[in-house]
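Colleague: Structure incoming, see below.
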Amino acid sequence: MESDNYSHARVVTVIGGGPAGLMAAEVLSQQGVHVEVYDAMPSVGRKFLMAGKGGMNITHSEPLPAFLERYGARREQIKLLLENFSPDALREWIQGLGIATFVGSSGRVFPTDMKAAPLLRAWLHRLRGNGVVFHMRHRWTGWDDAGGLCFDTPEGVRMVRVGSKFPLTQRDPLPIPLPQAGEGVNVKTSSVDAVVLALGGGSWPQLGSNAAWVSLLQQRNIEVAALQPSNCGFEVVWSGHFKNKFSGQPLKSVVAGFTDAEGVVHRRQGDCVVTDYGIEGGLIYALSAPLRDTIAVQGYVDLSVDLTPGRDLARVSAEMAYPRGSRSLSSHLQSRVGLNALQTGLLRECVSAADFSDPAILARAIKALPVRLIAPRPMAGAISTAGGVKLEMLDQNLMLKNLPGIFCAGEMLDWEAPTGGYLLTACFASGKSVGDGVLRYLKY
Ligand SMILES: Cc1cc2nc3c(=O)[nH]c(=O)nc-3n(C[C@H](O)[C@H](O)[C@H](O)COP(=O)(O)OP(=O)(O)OC[C@H]3O[C@@H](n4cnc5c(N)ncnc54)[C@H](O)[C@@H]3O)c2cc1C
């Protein structure tokens, strides 16, 4: 019996209600597929909402070639996704939900109210209108021996069989042996044509994406590149005095640079924050992938920080050579080169006492202050995750080659990008592509 005969009755399960899973649900439901979204949490889109807390940066306005460079080694694979759903298409799609967007001075794109909640609300309303059914507090826990997907739910265990050719009316209960339920355990079973896994990465696990899927997929011979923190802070061994005095303070408009283990120089201007464990913030996130990879090779990185990007070394040297008279060194640094208390504190922290009294050495340190980073911060606190399901495991429909009928999308795939809207854009685009891929697989 060909399942094409029952195109009206196609059922797809989407596991994970983040941007990638919800976009897949939208694409499928728009074509009349019956979509059931399962999520472990009491509500969907929790990380998406969190992303909206500090101003939802949904995409970036730069031209596509520059945009694609942000995905580094994965630019060619991400290009296929963005050709199918471009940053401009994403903006139009948001507009279609009644949410206007604007381009900020940095080229980043935001909803006009900067928030995620109104967008998510409108989107869920539309999805429900398309007939999408949501099953909250349903945690996917793996496969049973017969290849069924198992969910822990407040009502007991739920099983989902994948790839049945039976029409909906025959689907519940299934004409296959049910798994053995333990005493008092309620087992409910249904059957679907395909499954989209959109389970997210491993950061901020309290929002739902706890990366428990890694071992579940590895058990089914799916290769997963080790998850690692991306867009993360780094650890620096600060003195007690420095931490107590400056933790939480922003270091504004500095240039940070370093040479990676392959000799490539990375350099960026921006802001960061001193914390009691080290250093965080946009400037550091932008450099975090090569910083992390370099620390993995050599055990540390000496970040070279230029505290006065607007003044070159000759000028800073001349200013530092100026007699300071009876003024303290701090007020001399403030008046001659504009260093604030944190910048002076950082100089004192990273330059030896002997060197501190040598104006020439101090001038060089102001332009290239070595701050030693010894480790990335743990993944749980990172903005995003590198690593994930290796893209070679997927076919052109984003279906796992080893597991027919099971598709993957979103941050759980092996790519990474800096902040700037590149993360959400690729998640949305992979959700769109996986939806299209499932439709092709189901011969729509
Ligand atoms: C603080 C913060 C700020 C951010 N800001 C931005 C930003 O401004 N711009 C940007 O582009 N990106 C930002 N991001 C990143 C962006 O939010 C993520 O990349 C994106 O949400 C990932 O989408 P996803 O659909 O792949 O996964 P997720 O959004 O993580 O969704 C995955 C879903 O799967 C569910 N799930 C996981 N495991 C199971 C299971 N076993 N069973 C059932 N359900 C499960 C989870 O509960 C979750 O709902 C930010 C992230 C954080 C943490």
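In the structure tokens, chains take the letters A, B, ... in the order shown, each chain's residues start at 1, and ligands count up from 1 in the order shown.
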Please extract the residues at most 7 Å from ligand 1, counting only C-alpha atoms and all ligand atoms, and provide them as a ChimeraX atom specification, using the chain letters and residue numbers of this document.

Modeller: /A:15-21,38-41,44-48,50-52,55-59,138-141,198-201,203-204,207-213,382-384,409-412,419-425,427

Colleague: Quick one: pick out all strand (DSSP E or B) residues within segment 123-157 of chain A from a backbone DSSP run and write them as a list in words.

Modeller: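 Output for segment 123-157 of chain A, strand (DSSP E or B) only: Val133, Phe134, His135, Arg139, Trp140, Thr141, Gly142, Trp143, Leu149, Cys150, Phe151, Asp152, Thr153, Gly156 and Val157 of chain A.
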
Colleague: Residues as selected, N, CA, C and O atoms, written as a short mmCIF file (atom, residue, chain, number, x, y, z; two decimals), in the first residue's frame, can you do that?

Modeller:
```cif
data_model
loop_
_atom_site.label_atom_id
_atom_site.label_comp_id
_atom_site.auth_asym_id
_atom_site.auth_seq_id
_atom_site.Cartn_x
_atom_site.Cartn_y
_atom_site.Cartn_z
N VAL A 133 -0.60 20.62 16.68
CA VAL A 133 -0.96 20.23 18.06
C VAL A 133 0.33 20.22 18.90
O VAL A 133 1.36 19.72 18.45
N PHE A 134 0.25 20.79 20.10
CA PHE A 134 1.43 20.88 20.96
C PHE A 134 1.29 19.92 22.14
O PHE A 134 0.25 19.90 22.81
N HIS A 135 2.33 19.15 22.38
CA HIS A 135 2.39 18.25 23.55
C HIS A 135 3.52 18.72 24.44
O HIS A 135 4.69 18.47 24.16
N ARG A 139 9.07 14.59 27.21
CA ARG A 139 10.53 14.51 27.00
C ARG A 139 10.87 13.26 26.22
O ARG A 139 10.55 12.14 26.64
N TRP A 140 11.47 13.45 25.07
CA TRP A 140 11.90 12.30 24.26
C TRP A 140 13.09 11.64 24.95
O TRP A 140 14.07 12.30 25.29
N THR A 141 13.01 10.32 25.16
CA THR A 141 14.06 9.61 25.92
C THR A 141 14.78 8.56 25.09
O THR A 141 15.60 7.81 25.61
N GLY A 142 14.43 8.47 23.79
CA GLY A 142 15.16 7.52 22.94
C GLY A 142 14.22 6.57 22.21
O GLY A 142 13.03 6.86 22.04
N TRP A 143 14.79 5.44 21.77
CA TRP A 143 14.03 4.46 20.99
C TRP A 143 13.80 3.20 21.81
O TRP A 143 14.64 2.83 22.65
N LEU A 149 9.77 5.75 19.07
CA LEU A 149 10.28 6.84 19.89
C LEU A 149 9.55 6.85 21.23
O LEU A 149 8.32 6.71 21.26
N CYS A 150 10.28 7.01 22.32
CA CYS A 150 9.67 6.98 23.65
C CYS A 150 9.69 8.38 24.26
O CYS A 150 10.71 9.08 24.18
N PHE A 151 8.58 8.74 24.88
CA PHE A 151 8.49 10.04 25.57
C PHE A 151 8.07 9.80 27.01
O PHE A 151 7.14 9.01 27.26
N ASP A 152 8.73 10.50 27.92
CA ASP A 152 8.23 10.55 29.30
C ASP A 152 7.25 11.70 29.37
O ASP A 152 7.59 12.83 28.98
N THR A 153 6.05 11.43 29.87
CA THR A 153 5.04 12.48 29.97
C THR A 153 4.42 12.43 31.37
O THR A 153 4.55 11.43 32.06
N GLY A 156 2.43 9.31 31.78
CA GLY A 156 3.07 8.01 31.58
C GLY A 156 3.91 8.03 30.32
O GLY A 156 4.33 9.10 29.86
N VAL A 157 4.15 6.84 29.76
CA VAL A 157 5.03 6.75 28.59
C VAL A 157 4.20 6.91 27.33
O VAL A 157 3.09 6.38 27.23
#
```

Colleague: Sorted by chain and rising residue number, which residues of segment 334-411 of chain A lie within 9 Å of segment 286-308 of chain A, and what are their closest atom pairs and distances in Å to one decimal, counting only C-alpha atoms, as a Markdown table?

Modeller:
```
| residue | atom | partner | partner_atom | distance |
| --- | --- | --- | --- | --- |
| A:Val337 | CA | A:Thr308 | CA | 7.5 |
| A:Gly338 | CA | A:Thr308 | CA | 8.0 |
| A:Leu339 | CA | A:Leu307 | CA | 7.7 |
| A:Gln343 | CA | A:Leu307 | CA | 7.0 |
| A:Ala365 | CA | A:Asp306 | CA | 8.1 |
| A:Ile366 | CA | A:Leu307 | CA | 5.6 |
| A:Lys367 | CA | A:Asp306 | CA | 4.3 |
| A:Ala368 | CA | A:Asp306 | CA | 4.9 |
| A:Leu369 | CA | A:Val305 | CA | 4.8 |
| A:Pro370 | CA | A:Ser304 | CA | 4.7 |
| A:Val371 | CA | A:Leu303 | CA | 5.0 |
| A:Arg372 | CA | A:Asp302 | CA | 4.3 |
| A:Leu373 | CA | A:Val301 | CA | 5.2 |
| A:Ile374 | CA | A:Tyr300 | CA | 4.5 |
| A:Ala375 | CA | A:Ile295 | CA | 6.6 |
| A:Pro376 | CA | A:Arg292 | CA | 6.1 |
| A:Ala386 | CA | A:Ala289 | CA | 8.4 |
```

Colleague: Could the residues in this selection be written to a file with N, CA, C and O atoms, as a PDB file, in the first residue's frame?

Modeller:
```pdb
ATOM      1  N   VAL A 337      46.461  59.937  28.449  1.00  0.00           N
ATOM      2  CA  VAL A 337      45.968  58.974  27.440  1.00  0.00           C
ATOM      3  C   VAL A 337      44.516  58.553  27.656  1.00  0.00           C
ATOM      4  O   VAL A 337      44.006  57.679  26.956  1.00  0.00           O
ATOM      5  N   GLY A 338      43.853  59.181  28.616  1.00  0.00           N
ATOM      6  CA  GLY A 338      42.416  58.963  28.783  1.00  0.00           C
ATOM      7  C   GLY A 338      42.029  57.628  29.402  1.00  0.00           C
ATOM      8  O   GLY A 338      40.906  57.154  29.208  1.00  0.00           O
ATOM      9  N   LEU A 339      42.945  57.011  30.153  1.00  0.00           N
ATOM     10  CA  LEU A 339      42.580  55.721  30.770  1.00  0.00           C
ATOM     11  C   LEU A 339      41.699  55.934  31.997  1.00  0.00           C
ATOM     12  O   LEU A 339      41.987  56.803  32.831  1.00  0.00           O
ATOM     13  N   GLN A 343      40.796  50.606  33.308  1.00  0.00           N
ATOM     14  CA  GLN A 343      41.917  50.407  32.378  1.00  0.00           C
ATOM     15  C   GLN A 343      43.251  50.501  33.109  1.00  0.00           C
ATOM     16  O   GLN A 343      44.156  49.697  32.870  1.00  0.00           O
ATOM     17  N   ALA A 365      52.586  48.573  26.707  1.00  0.00           N
ATOM     18  CA  ALA A 365      51.549  47.756  27.364  1.00  0.00           C
ATOM     19  C   ALA A 365      50.153  48.339  27.120  1.00  0.00           C
ATOM     20  O   ALA A 365      49.182  47.602  26.929  1.00  0.00           O
ATOM     21  N   ILE A 366      50.063  49.662  27.096  1.00  0.00           N
ATOM     22  CA  ILE A 366      48.752  50.293  26.847  1.00  0.00           C
ATOM     23  C   ILE A 366      48.245  49.905  25.455  1.00  0.00           C
ATOM     24  O   ILE A 366      47.060  49.691  25.243  1.00  0.00           O
ATOM     25  N   LYS A 367      49.177  49.760  24.511  1.00  0.00           N
ATOM     26  CA  LYS A 367      48.779  49.409  23.135  1.00  0.00           C
ATOM     27  C   LYS A 367      48.663  47.900  22.922  1.00  0.00           C
ATOM     28  O   LYS A 367      48.059  47.463  21.934  1.00  0.00           O
ATOM     29  N   ALA A 368      49.252  47.103  23.801  1.00  0.00           N
ATOM     30  CA  ALA A 368      49.222  45.634  23.589  1.00  0.00           C
ATOM     31  C   ALA A 368      49.366  44.944  24.941  1.00  0.00           C
ATOM     32  O   ALA A 368      50.381  44.329  25.249  1.00  0.00           O
ATOM     33  N   LEU A 369      48.305  45.046  25.729  1.00  0.00           N
ATOM     34  CA  LEU A 369      48.349  44.504  27.094  1.00  0.00           C
ATOM     35  C   LEU A 369      48.058  42.998  27.051  1.00  0.00           C
ATOM     36  O   LEU A 369      46.996  42.587  26.576  1.00  0.00           O
ATOM     37  N   PRO A 370      48.976  42.177  27.518  1.00  0.00           N
ATOM     38  CA  PRO A 370      48.727  40.735  27.448  1.00  0.00           C
ATOM     39  C   PRO A 370      47.823  40.257  28.590  1.00  0.00           C
ATOM     40  O   PRO A 370      48.163  40.407  29.761  1.00  0.00           O
ATOM     41  N   VAL A 371      46.636  39.738  28.219  1.00  0.00           N
ATOM     42  CA  VAL A 371      45.712  39.183  29.216  1.00  0.00           C
ATOM     43  C   VAL A 371      45.610  37.685  28.919  1.00  0.00           C
ATOM     44  O   VAL A 371      45.182  37.295  27.835  1.00  0.00           O
ATOM     45  N   ARG A 372      46.049  36.864  29.876  1.00  0.00           N
ATOM     46  CA  ARG A 372      46.106  35.424  29.606  1.00  0.00           C
ATOM     47  C   ARG A 372      44.755  34.749  29.883  1.00  0.00           C
ATOM     48  O   ARG A 372      44.255  34.759  31.016  1.00  0.00           O
ATOM     49  N   LEU A 373      44.161  34.156  28.854  1.00  0.00           N
ATOM     50  CA  LEU A 373      42.920  33.392  28.995  1.00  0.00           C
ATOM     51  C   LEU A 373      43.309  31.921  29.120  1.00  0.00           C
ATOM     52  O   LEU A 373      44.082  31.414  28.309  1.00  0.00           O
ATOM     53  N   ILE A 374      42.746  31.239  30.134  1.00  0.00           N
ATOM     54  CA  ILE A 374      43.204  29.860  30.360  1.00  0.00           C
ATOM     55  C   ILE A 374      42.159  28.797  29.998  1.00  0.00           C
ATOM     56  O   ILE A 374      42.511  27.642  29.833  1.00  0.00           O
ATOM     57  N   ALA A 375      40.896  29.192  29.875  1.00  0.00           N
ATOM     58  CA  ALA A 375      39.872  28.185  29.522  1.00  0.00           C
ATOM     59  C   ALA A 375      38.586  28.894  29.128  1.00  0.00           C
ATOM     60  O   ALA A 375      38.287  29.975  29.643  1.00  0.00           O
ATOM     61  N   PRO A 376      37.814  28.276  28.216  1.00  0.00           N
ATOM     62  CA  PRO A 376      36.470  28.820  27.986  1.00  0.00           C
ATOM     63  C   PRO A 376      35.599  28.538  29.196  1.00  0.00           C
ATOM     64  O   PRO A 376      35.850  27.576  29.930  1.00  0.00           O
ATOM     65  N   ALA A 386      28.908  24.909  19.804  1.00  0.00           N
ATOM     66  CA  ALA A 386      29.544  24.399  18.585  1.00  0.00           C
ATOM     67  C   ALA A 386      29.446  22.876  18.616  1.00  0.00           C
ATOM     68  O   ALA A 386      29.179  22.292  19.655  1.00  0.00           O
TER      69      ALA A 386
END
```

Colleague: So the first atom is atom CA of Asn221 of chain A and the second is atom CA of Met393 of chain A; what is the distance between them in Å, to one decimal place?

Modeller: 9.6 Å

Colleague: In terms of the shortest atom-to-atom distance over only C-alpha atoms, which of A:Leu313, A:Met399, A:Val11, A:Leu394 is closest to Ser191 of chain A?

Modeller: A:Val11
